[in-house]
Amino acid sequence: MRQVDMIRLDLLKGTVTNMHDIVAEEVPLKIVLNEIYTFIIWCSPSQFKELAIGFLFAEDILQDVDEIECIGIDEKENFCNIQFKNSINLADRMENRRNSVRIVPLIKNSVATYQHDNKIAMVTSNLTIHSQTIFDAIHQMNKKAEGFTKTGGLHDSGIFNANGTLIAFSEDVGRHNTVDKVIGQGLLLKIDFTECFLIITGRVPGDMIYKAAKAGLPIVASVAAVLNSGVTSAKKANITLAGFIREKHINIYTHPNRIVL
């Protein structure tokens, strides 16, 4: 977060006021693998290690944190250096990675499903939670969302266990980044994702469901809207997808049996 100067125009009062404001900050995080392969991710300047691990896991480059020999972080230079163990064929992983993109060419008569639905994992979990647990989880996140409170420009994600205890939390300018960060944190903690649920504050497209499915998260819930690609992906991945969670109302779009009244 950064403090900046601004001018506020009040049309009701007819005033012009010089003020300070707090705005969200984004930086280019450079991730280097084995000093050969490089990724650049624009993100908030926090949780670089978690973001890198979550991103590489979602891209099918990293399968387990134990594959990593060492991680070096330089927060001043926005740099993350990751060295894989010699037993890992990183060139092969890079060749066969998911290679996600945000923009997909339009295909005639396309139903606009997520482009990686053919690779999406099937989640197996017997987790069941009460609806009130979700509202309590969102309340916990709201109390921790200091960046959003100050700037209004950040997204949040949180992973909770079955009884609603917060395990991982992140804030970022990018909603996809927040999911990578909490999954990366969960991988470092070696949690059982199949016994947890994910809360996010942004819209839910198929790409977020792909990330959740790869980790094994059985429930994804958002205070915002879901997209059609998110619904089709969640249905295919056996993930319970909920949206518009507010004022004691929850819209459940897929596999509703995991959330009970």
# chains A, B, ... in the order shown; residues from 1 in each chain; ligands from 1
>>> select_by_dssp(residues="stretch 45-141 of chain A", states="helix (DSSP H, G or I)", output="NGL selection string")
:A and (48-58 or 65-67 or 90-95 or 117-119 or 131-141)
>>> residues_around(residues="A:Gly54", least_positions_apart="6", cutoff="12 Å", atoms="only C-alpha atoms", output="VMD selection string")
chain A and resid 47 to 48 60 to 65 170 176 to 188 208 211 to 212 214 to 215
>>> write_last_selection(atoms="N, CA and C atoms", output="PDB file, in the first residue's frame")
ATOM      1  N   GLN A  47       3.943 -12.216   0.353  1.00  0.00           N
ATOM      2  CA  GLN A  47       3.802 -13.662   0.190  1.00  0.00           C
ATOM      3  C   GLN A  47       4.340 -14.142  -1.158  1.00  0.00           C
ATOM      4  N   PHE A  48       5.530 -13.688  -1.510  1.00  0.00           N
ATOM      5  CA  PHE A  48       6.124 -14.091  -2.784  1.00  0.00           C
ATOM      6  C   PHE A  48       6.346 -15.600  -2.859  1.00  0.00           C
ATOM      7  N   ASP A  60       1.173 -27.146 -13.224  1.00  0.00           N
ATOM      8  CA  ASP A  60       1.658 -28.524 -13.389  1.00  0.00           C
ATOM      9  C   ASP A  60       3.179 -28.602 -13.507  1.00  0.00           C
ATOM     10  N   ILE A  61       3.869 -27.581 -13.026  1.00  0.00           N
ATOM     11  CA  ILE A  61       5.332 -27.601 -13.019  1.00  0.00           C
ATOM     12  C   ILE A  61       5.845 -28.197 -11.712  1.00  0.00           C
ATOM     13  N   LEU A  62       5.157 -27.896 -10.637  1.00  0.00           N
ATOM     14  CA  LEU A  62       5.498 -28.417  -9.308  1.00  0.00           C
ATOM     15  C   LEU A  62       4.415 -29.388  -8.858  1.00  0.00           C
ATOM     16  N   GLN A  63       4.831 -30.558  -8.400  1.00  0.00           N
ATOM     17  CA  GLN A  63       3.867 -31.538  -7.904  1.00  0.00           C
ATOM     18  C   GLN A  63       3.852 -31.623  -6.387  1.00  0.00           C
ATOM     19  N   ASP A  64       4.986 -31.321  -5.763  1.00  0.00           N
ATOM     20  CA  ASP A  64       5.096 -31.397  -4.310  1.00  0.00           C
ATOM     21  C   ASP A  64       6.209 -30.452  -3.866  1.00  0.00           C
ATOM     22  N   VAL A  65       6.022 -29.800  -2.738  1.00  0.00           N
ATOM     23  CA  VAL A  65       7.054 -28.868  -2.264  1.00  0.00           C
ATOM     24  C   VAL A  65       8.367 -29.571  -1.955  1.00  0.00           C
ATOM     25  N   SER A 170      -4.795 -14.592   2.263  1.00  0.00           N
ATOM     26  CA  SER A 170      -3.983 -13.733   1.402  1.00  0.00           C
ATOM     27  C   SER A 170      -4.801 -12.552   0.906  1.00  0.00           C
ATOM     28  N   HIS A 176      -6.828 -14.097  -8.883  1.00  0.00           N
ATOM     29  CA  HIS A 176      -6.180 -15.377  -9.137  1.00  0.00           C
ATOM     30  C   HIS A 176      -4.937 -15.535  -8.246  1.00  0.00           C
ATOM     31  N   ASN A 177      -4.236 -14.435  -8.032  1.00  0.00           N
ATOM     32  CA  ASN A 177      -3.044 -14.488  -7.187  1.00  0.00           C
ATOM     33  C   ASN A 177      -3.380 -14.901  -5.757  1.00  0.00           C
ATOM     34  N   THR A 178      -4.528 -14.416  -5.258  1.00  0.00           N
ATOM     35  CA  THR A 178      -4.882 -14.766  -3.877  1.00  0.00           C
ATOM     36  C   THR A 178      -5.085 -16.276  -3.733  1.00  0.00           C
ATOM     37  N   VAL A 179      -5.672 -16.892  -4.754  1.00  0.00           N
ATOM     38  CA  VAL A 179      -5.883 -18.341  -4.708  1.00  0.00           C
ATOM     39  C   VAL A 179      -4.545 -19.072  -4.766  1.00  0.00           C
ATOM     40  N   ASP A 180      -3.653 -18.624  -5.651  1.00  0.00           N
ATOM     41  CA  ASP A 180      -2.317 -19.231  -5.700  1.00  0.00           C
ATOM     42  C   ASP A 180      -1.606 -19.096  -4.352  1.00  0.00           C
ATOM     43  N   LYS A 181      -1.750 -17.940  -3.714  1.00  0.00           N
ATOM     44  CA  LYS A 181      -1.058 -17.699  -2.450  1.00  0.00           C
ATOM     45  C   LYS A 181      -1.551 -18.623  -1.334  1.00  0.00           C
ATOM     46  N   VAL A 182      -2.864 -18.769  -1.198  1.00  0.00           N
ATOM     47  CA  VAL A 182      -3.355 -19.610  -0.105  1.00  0.00           C
ATOM     48  C   VAL A 182      -3.094 -21.088  -0.377  1.00  0.00           C
ATOM     49  N   ILE A 183      -3.165 -21.500  -1.641  1.00  0.00           N
ATOM     50  CA  ILE A 183      -2.838 -22.891  -1.963  1.00  0.00           C
ATOM     51  C   ILE A 183      -1.349 -23.132  -1.741  1.00  0.00           C
ATOM     52  N   GLY A 184      -0.515 -22.164  -2.135  1.00  0.00           N
ATOM     53  CA  GLY A 184       0.909 -22.283  -1.869  1.00  0.00           C
ATOM     54  C   GLY A 184       1.206 -22.380  -0.384  1.00  0.00           C
ATOM     55  N   GLN A 185       0.506 -21.574   0.412  1.00  0.00           N
ATOM     56  CA  GLN A 185       0.686 -21.639   1.860  1.00  0.00           C
ATOM     57  C   GLN A 185       0.240 -22.994   2.392  1.00  0.00           C
ATOM     58  N   GLY A 186      -0.873 -23.505   1.873  1.00  0.00           N
ATOM     59  CA  GLY A 186      -1.354 -24.813   2.302  1.00  0.00           C
ATOM     60  C   GLY A 186      -0.393 -25.930   1.945  1.00  0.00           C
ATOM     61  N   LEU A 187       0.238 -25.828   0.774  1.00  0.00           N
ATOM     62  CA  LEU A 187       1.227 -26.832   0.377  1.00  0.00           C
ATOM     63  C   LEU A 187       2.430 -26.803   1.308  1.00  0.00           C
ATOM     64  N   LEU A 188       2.865 -25.610   1.694  1.00  0.00           N
ATOM     65  CA  LEU A 188       3.990 -25.495   2.616  1.00  0.00           C
ATOM     66  C   LEU A 188       3.643 -26.074   3.983  1.00  0.00           C
ATOM     67  N   MET A 208     -10.161 -20.569 -11.656  1.00  0.00           N
ATOM     68  CA  MET A 208     -10.095 -20.710 -10.199  1.00  0.00           C
ATOM     69  C   MET A 208     -10.533 -22.108  -9.764  1.00  0.00           C
ATOM     70  N   LYS A 211      -7.657 -24.507 -10.273  1.00  0.00           N
ATOM     71  CA  LYS A 211      -6.672 -24.421  -9.192  1.00  0.00           C
ATOM     72  C   LYS A 211      -7.169 -25.160  -7.946  1.00  0.00           C
ATOM     73  N   ALA A 212      -8.441 -24.930  -7.597  1.00  0.00           N
ATOM     74  CA  ALA A 212      -9.012 -25.582  -6.424  1.00  0.00           C
ATOM     75  C   ALA A 212      -9.061 -27.094  -6.602  1.00  0.00           C
ATOM     76  N   LYS A 214      -7.169 -28.997  -8.510  1.00  0.00           N
ATOM     77  CA  LYS A 214      -5.827 -29.585  -8.470  1.00  0.00           C
ATOM     78  C   LYS A 214      -5.357 -29.776  -7.034  1.00  0.00           C
ATOM     79  N   ALA A 215      -5.723 -28.834  -6.171  1.00  0.00           N
ATOM     80  CA  ALA A 215      -5.357 -28.964  -4.762  1.00  0.00           C
ATOM     81  C   ALA A 215      -6.226 -29.986  -4.041  1.00  0.00           C
TER      82      ALA A 215
END
>>> closest_residue(among="A:Met141, A:Ala242, A:Val23, A:Ala91", to="A:Ser44", atoms="only C-alpha atoms")
A:Val23
>>> residues_around(residues="A:Val123", least_positions_apart="6", cutoff="8 Å", atoms="only C-alpha atoms", output="PDB file with N, CA and C atoms, in the first residue's frame")
ATOM      1  N   THR A 194      -8.579 -31.763   1.096  1.00  0.00           N
ATOM      2  CA  THR A 194      -9.886 -32.394   0.930  1.00  0.00           C
ATOM      3  C   THR A 194     -10.777 -32.210   2.154  1.00  0.00           C
ATOM      4  N   ALA A 213      -9.445 -27.541  -7.796  1.00  0.00           N
ATOM      5  CA  ALA A 213      -9.544 -28.975  -8.062  1.00  0.00           C
ATOM      6  C   ALA A 213      -8.181 -29.647  -7.986  1.00  0.00           C
ATOM      7  N   GLY A 216      -7.439 -30.220  -4.564  1.00  0.00           N
ATOM      8  CA  GLY A 216      -8.356 -31.164  -3.919  1.00  0.00           C
ATOM      9  C   GLY A 216      -9.381 -30.493  -3.031  1.00  0.00           C
ATOM     10  N   LEU A 217      -9.568 -29.192  -3.167  1.00  0.00           N
ATOM     11  CA  LEU A 217     -10.544 -28.464  -2.350  1.00  0.00           C
ATOM     12  C   LEU A 217     -11.967 -28.784  -2.814  1.00  0.00           C
ATOM     13  N   PRO A 218     -12.822 -29.284  -1.933  1.00  0.00           N
ATOM     14  CA  PRO A 218     -14.159 -29.719  -2.362  1.00  0.00           C
ATOM     15  C   PRO A 218     -15.212 -28.616  -2.406  1.00  0.00           C
ATOM     16  N   ALA A 237     -15.641 -31.190 -11.937  1.00  0.00           N
ATOM     17  CA  ALA A 237     -14.612 -31.528 -10.948  1.00  0.00           C
ATOM     18  C   ALA A 237     -15.189 -32.042  -9.638  1.00  0.00           C
ATOM     19  N   ASN A 238     -16.514 -32.129  -9.537  1.00  0.00           N
ATOM     20  CA  ASN A 238     -17.179 -32.566  -8.306  1.00  0.00           C
ATOM     21  C   ASN A 238     -16.889 -31.596  -7.151  1.00  0.00           C
ATOM     22  N   ILE A 239     -16.889 -30.298  -7.476  1.00  0.00           N
ATOM     23  CA  ILE A 239     -16.679 -29.252  -6.476  1.00  0.00           C
ATOM     24  C   ILE A 239     -18.005 -28.548  -6.210  1.00  0.00           C
TER      25      ILE A 239
END
>>> closest_residue(among="A:Thr151, A:Asn257, A:Thr17, A:Asn81", to="A:Glu35", atoms="only C-alpha atoms")
A:Asn81
>>> residues_around(residues="A:Ile250", least_positions_apart="6", cutoff="9 Å", atoms="only C-alpha atoms", output="list in words")
Ser131, Ala221, Val223, Ala242, Gly243 and Phe244 of chain A
>>> select_by_dssp(residues="stretch 46-226 of chain A", states="strand (DSSP E or B)", output="NGL selection string")
:A and (68-74 or 79-84 or 129-130 or 155-161 or 166-172 or 196-200 or 204 or 219-222 or 226)
>>> closest_residue(among="A:Thr38, A:Thr201, A:Gln3, A:Asn161", to="A:Met19", atoms="only C-alpha atoms")
A:Gln3
>>> residues_around(residues="A:Tyr253", least_positions_apart="2", cutoff="9 Å", atoms="only C-alpha atoms", output="ChimeraX atom specification")
/A:226,231,234-235,240-243,251,255-256
>>> write_last_selection(atoms="N, CA and C atoms", output="compact mmCIF listing (two decimals), in the first residue's frame")
# COMPACT_ATOMS: atom_id res chain seq x y z
N VAL A 226 -20.46 -15.93 -9.70
CA VAL A 226 -19.76 -17.02 -10.38
C VAL A 226 -19.98 -16.85 -11.89
N VAL A 231 -19.09 -22.63 -13.26
CA VAL A 231 -20.15 -23.61 -12.98
C VAL A 231 -19.88 -24.92 -13.69
N ALA A 234 -16.82 -26.64 -12.12
CA ALA A 234 -17.11 -27.18 -10.79
C ALA A 234 -17.96 -28.44 -10.87
N LYS A 235 -18.92 -28.43 -11.80
CA LYS A 235 -19.76 -29.61 -11.97
C LYS A 235 -18.91 -30.81 -12.40
N THR A 240 -18.28 -28.30 -4.94
CA THR A 240 -19.44 -27.52 -4.56
C THR A 240 -19.10 -26.05 -4.74
N LEU A 241 -19.83 -25.37 -5.61
CA LEU A 241 -19.57 -23.97 -5.92
C LEU A 241 -20.73 -23.11 -5.43
N ALA A 242 -20.39 -22.11 -4.61
CA ALA A 242 -21.41 -21.19 -4.07
C ALA A 242 -20.99 -19.76 -4.35
N GLY A 243 -21.99 -18.89 -4.51
CA GLY A 243 -21.70 -17.49 -4.78
C GLY A 243 -22.73 -16.57 -4.16
N ASN A 251 -26.14 -18.81 -2.70
CA ASN A 251 -26.53 -19.46 -3.95
C ASN A 251 -25.56 -20.62 -4.21
N HIS A 255 -23.29 -29.42 -6.88
CA HIS A 255 -23.06 -30.38 -5.79
C HIS A 255 -23.41 -29.78 -4.43
N PRO A 256 -24.68 -29.46 -4.20
CA PRO A 256 -25.11 -28.76 -2.98
C PRO A 256 -25.08 -29.59 -1.71
>>> atom_distance(atom1="atom CA of A:Ile120", atom2="atom CA of A:Leu198")
17.3 Å
>>> residues_around(residues="A:Val204", least_positions_apart="5", cutoff="8 Å", atoms="only C-alpha atoms", output="PyMOL selection string")
chain A and resi 209+222+224-227+230
>>> closest_residue(among="A:Ile71, A:Leu56, A:Asp172, A:Glu77", to="A:Phe148", atoms="only C-alpha atoms")
A:Asp172
>>> decode(residues="stretch 65-181 of chain A", atoms="C-alpha atoms", output="compact mmCIF listing (two decimals), in the first residue's frame")
# COMPACT_ATOMS: atom_id res chain seq x y z
CA VAL A 65 7.05 -28.87 -2.26
CA ASP A 66 9.54 -31.63 -1.44
CA GLU A 67 10.70 -31.40 -5.07
CA ILE A 68 12.26 -28.02 -4.26
CA GLU A 69 15.90 -27.90 -3.19
CA CYS A 70 15.84 -24.28 -2.05
CA ILE A 71 13.93 -21.01 -2.44
CA GLY A 72 15.50 -17.57 -2.34
CA ILE A 73 13.38 -14.44 -1.92
CA ASP A 74 14.51 -10.85 -2.43
CA GLU A 75 11.58 -8.66 -1.41
CA LYS A 76 13.35 -5.41 -2.31
CA GLU A 77 14.02 -6.59 -5.87
CA ASN A 78 10.70 -8.50 -6.22
CA PHE A 79 12.62 -11.66 -7.04
CA CYS A 80 12.05 -15.34 -6.29
CA ASN A 81 14.69 -17.92 -7.18
CA ILE A 82 13.65 -21.59 -7.01
CA GLN A 83 16.01 -24.50 -7.41
CA PHE A 84 14.48 -27.90 -8.11
CA LYS A 85 16.17 -31.10 -6.99
CA ASN A 86 18.38 -32.82 -9.55
CA SER A 87 15.97 -35.76 -9.75
CA ILE A 88 13.27 -33.53 -11.27
CA ASN A 89 13.21 -33.23 -15.07
CA LEU A 90 12.27 -29.57 -15.16
CA ALA A 91 12.60 -29.34 -18.94
CA ASP A 92 9.94 -32.04 -19.30
CA ARG A 93 7.69 -30.30 -16.78
CA MET A 94 7.99 -27.04 -18.69
CA GLU A 95 7.20 -28.78 -21.96
CA ASN A 96 4.02 -30.33 -20.56
CA ARG A 97 2.85 -27.56 -18.26
CA ARG A 98 -0.70 -26.26 -18.34
CA ASN A 99 0.37 -23.01 -20.02
CA SER A 100 -2.71 -21.10 -18.88
CA VAL A 101 -3.92 -18.01 -20.70
CA ARG A 102 -6.51 -15.40 -19.78
CA ILE A 103 -7.78 -14.82 -23.35
CA VAL A 104 -8.96 -17.68 -25.55
CA PRO A 105 -9.79 -17.32 -29.28
CA LEU A 106 -13.52 -17.41 -29.93
CA ILE A 107 -14.70 -20.62 -31.57
CA LYS A 108 -17.90 -20.70 -33.58
CA ASN A 109 -20.80 -22.17 -31.59
CA SER A 110 -18.54 -22.32 -28.52
CA VAL A 111 -20.26 -22.92 -25.19
CA ALA A 112 -17.39 -20.99 -23.55
CA THR A 113 -16.28 -23.71 -21.16
CA TYR A 114 -12.91 -23.34 -19.48
CA GLN A 115 -10.10 -24.22 -21.90
CA HIS A 116 -8.51 -26.77 -19.55
CA ASP A 117 -11.69 -28.66 -18.57
CA ASN A 118 -10.29 -31.75 -20.28
CA LYS A 119 -7.46 -31.77 -17.72
CA ILE A 120 -9.40 -30.79 -14.61
CA ALA A 121 -9.00 -33.04 -11.58
CA MET A 122 -11.90 -34.89 -9.97
CA VAL A 123 -12.21 -34.01 -6.27
CA THR A 124 -13.06 -36.81 -3.85
CA SER A 125 -14.16 -35.66 -0.41
CA ASN A 126 -16.84 -36.42 2.16
CA LEU A 127 -16.59 -32.95 3.70
CA THR A 128 -19.87 -31.42 4.88
CA ILE A 129 -20.16 -28.03 6.56
CA HIS A 130 -22.98 -25.93 7.97
CA SER A 131 -23.92 -22.78 6.10
CA GLN A 132 -23.28 -20.68 9.21
CA THR A 133 -19.65 -21.87 9.14
CA ILE A 134 -19.25 -20.12 5.80
CA PHE A 135 -20.63 -16.84 7.14
CA ASP A 136 -18.37 -17.09 10.18
CA ALA A 137 -15.40 -17.71 7.88
CA ILE A 138 -16.20 -14.61 5.83
CA HIS A 139 -16.44 -12.60 9.05
CA GLN A 140 -12.94 -13.79 9.99
CA MET A 141 -11.64 -12.77 6.58
CA ASN A 142 -13.23 -9.35 6.80
CA LYS A 143 -11.44 -8.71 10.08
CA LYS A 144 -8.10 -9.67 8.53
CA ALA A 145 -8.64 -7.77 5.27
CA GLU A 146 -6.66 -4.74 6.36
CA GLY A 147 -5.48 -3.97 2.84
CA PHE A 148 -8.99 -3.95 1.41
CA THR A 149 -10.24 -1.83 4.32
CA LYS A 150 -7.59 0.82 3.65
CA THR A 151 -7.58 0.79 -0.16
CA GLY A 152 -10.72 -0.92 -1.48
CA GLY A 153 -8.43 -2.29 -4.20
CA LEU A 154 -7.50 -5.80 -3.04
CA HIS A 155 -9.05 -9.24 -3.28
CA ASP A 156 -8.92 -11.77 -0.45
CA SER A 157 -8.88 -15.56 -0.22
CA GLY A 158 -8.92 -17.88 2.76
CA ILE A 159 -8.69 -21.62 3.33
CA PHE A 160 -10.56 -22.97 6.36
CA ASN A 161 -10.81 -26.41 7.91
CA ALA A 162 -14.12 -28.17 8.53
CA ASN A 163 -14.83 -26.37 11.82
CA GLY A 164 -14.15 -22.96 10.32
CA THR A 165 -10.61 -22.36 11.58
CA LEU A 166 -8.60 -20.12 9.26
CA ILE A 167 -5.54 -21.95 7.93
CA ALA A 168 -4.31 -19.68 5.11
CA PHE A 169 -5.13 -16.10 4.14
CA SER A 170 -3.98 -13.73 1.40
CA GLU A 171 -4.65 -10.34 -0.10
CA ASP A 172 -3.62 -9.28 -3.60
CA VAL A 173 -4.51 -6.97 -6.44
CA GLY A 174 -5.25 -10.07 -8.53
CA ARG A 175 -7.97 -12.47 -7.46
CA HIS A 176 -6.18 -15.38 -9.14
CA ASN A 177 -3.04 -14.49 -7.19
CA THR A 178 -4.88 -14.77 -3.88
CA VAL A 179 -5.88 -18.34 -4.71
CA ASP A 180 -2.32 -19.23 -5.70
CA LYS A 181 -1.06 -17.70 -2.45
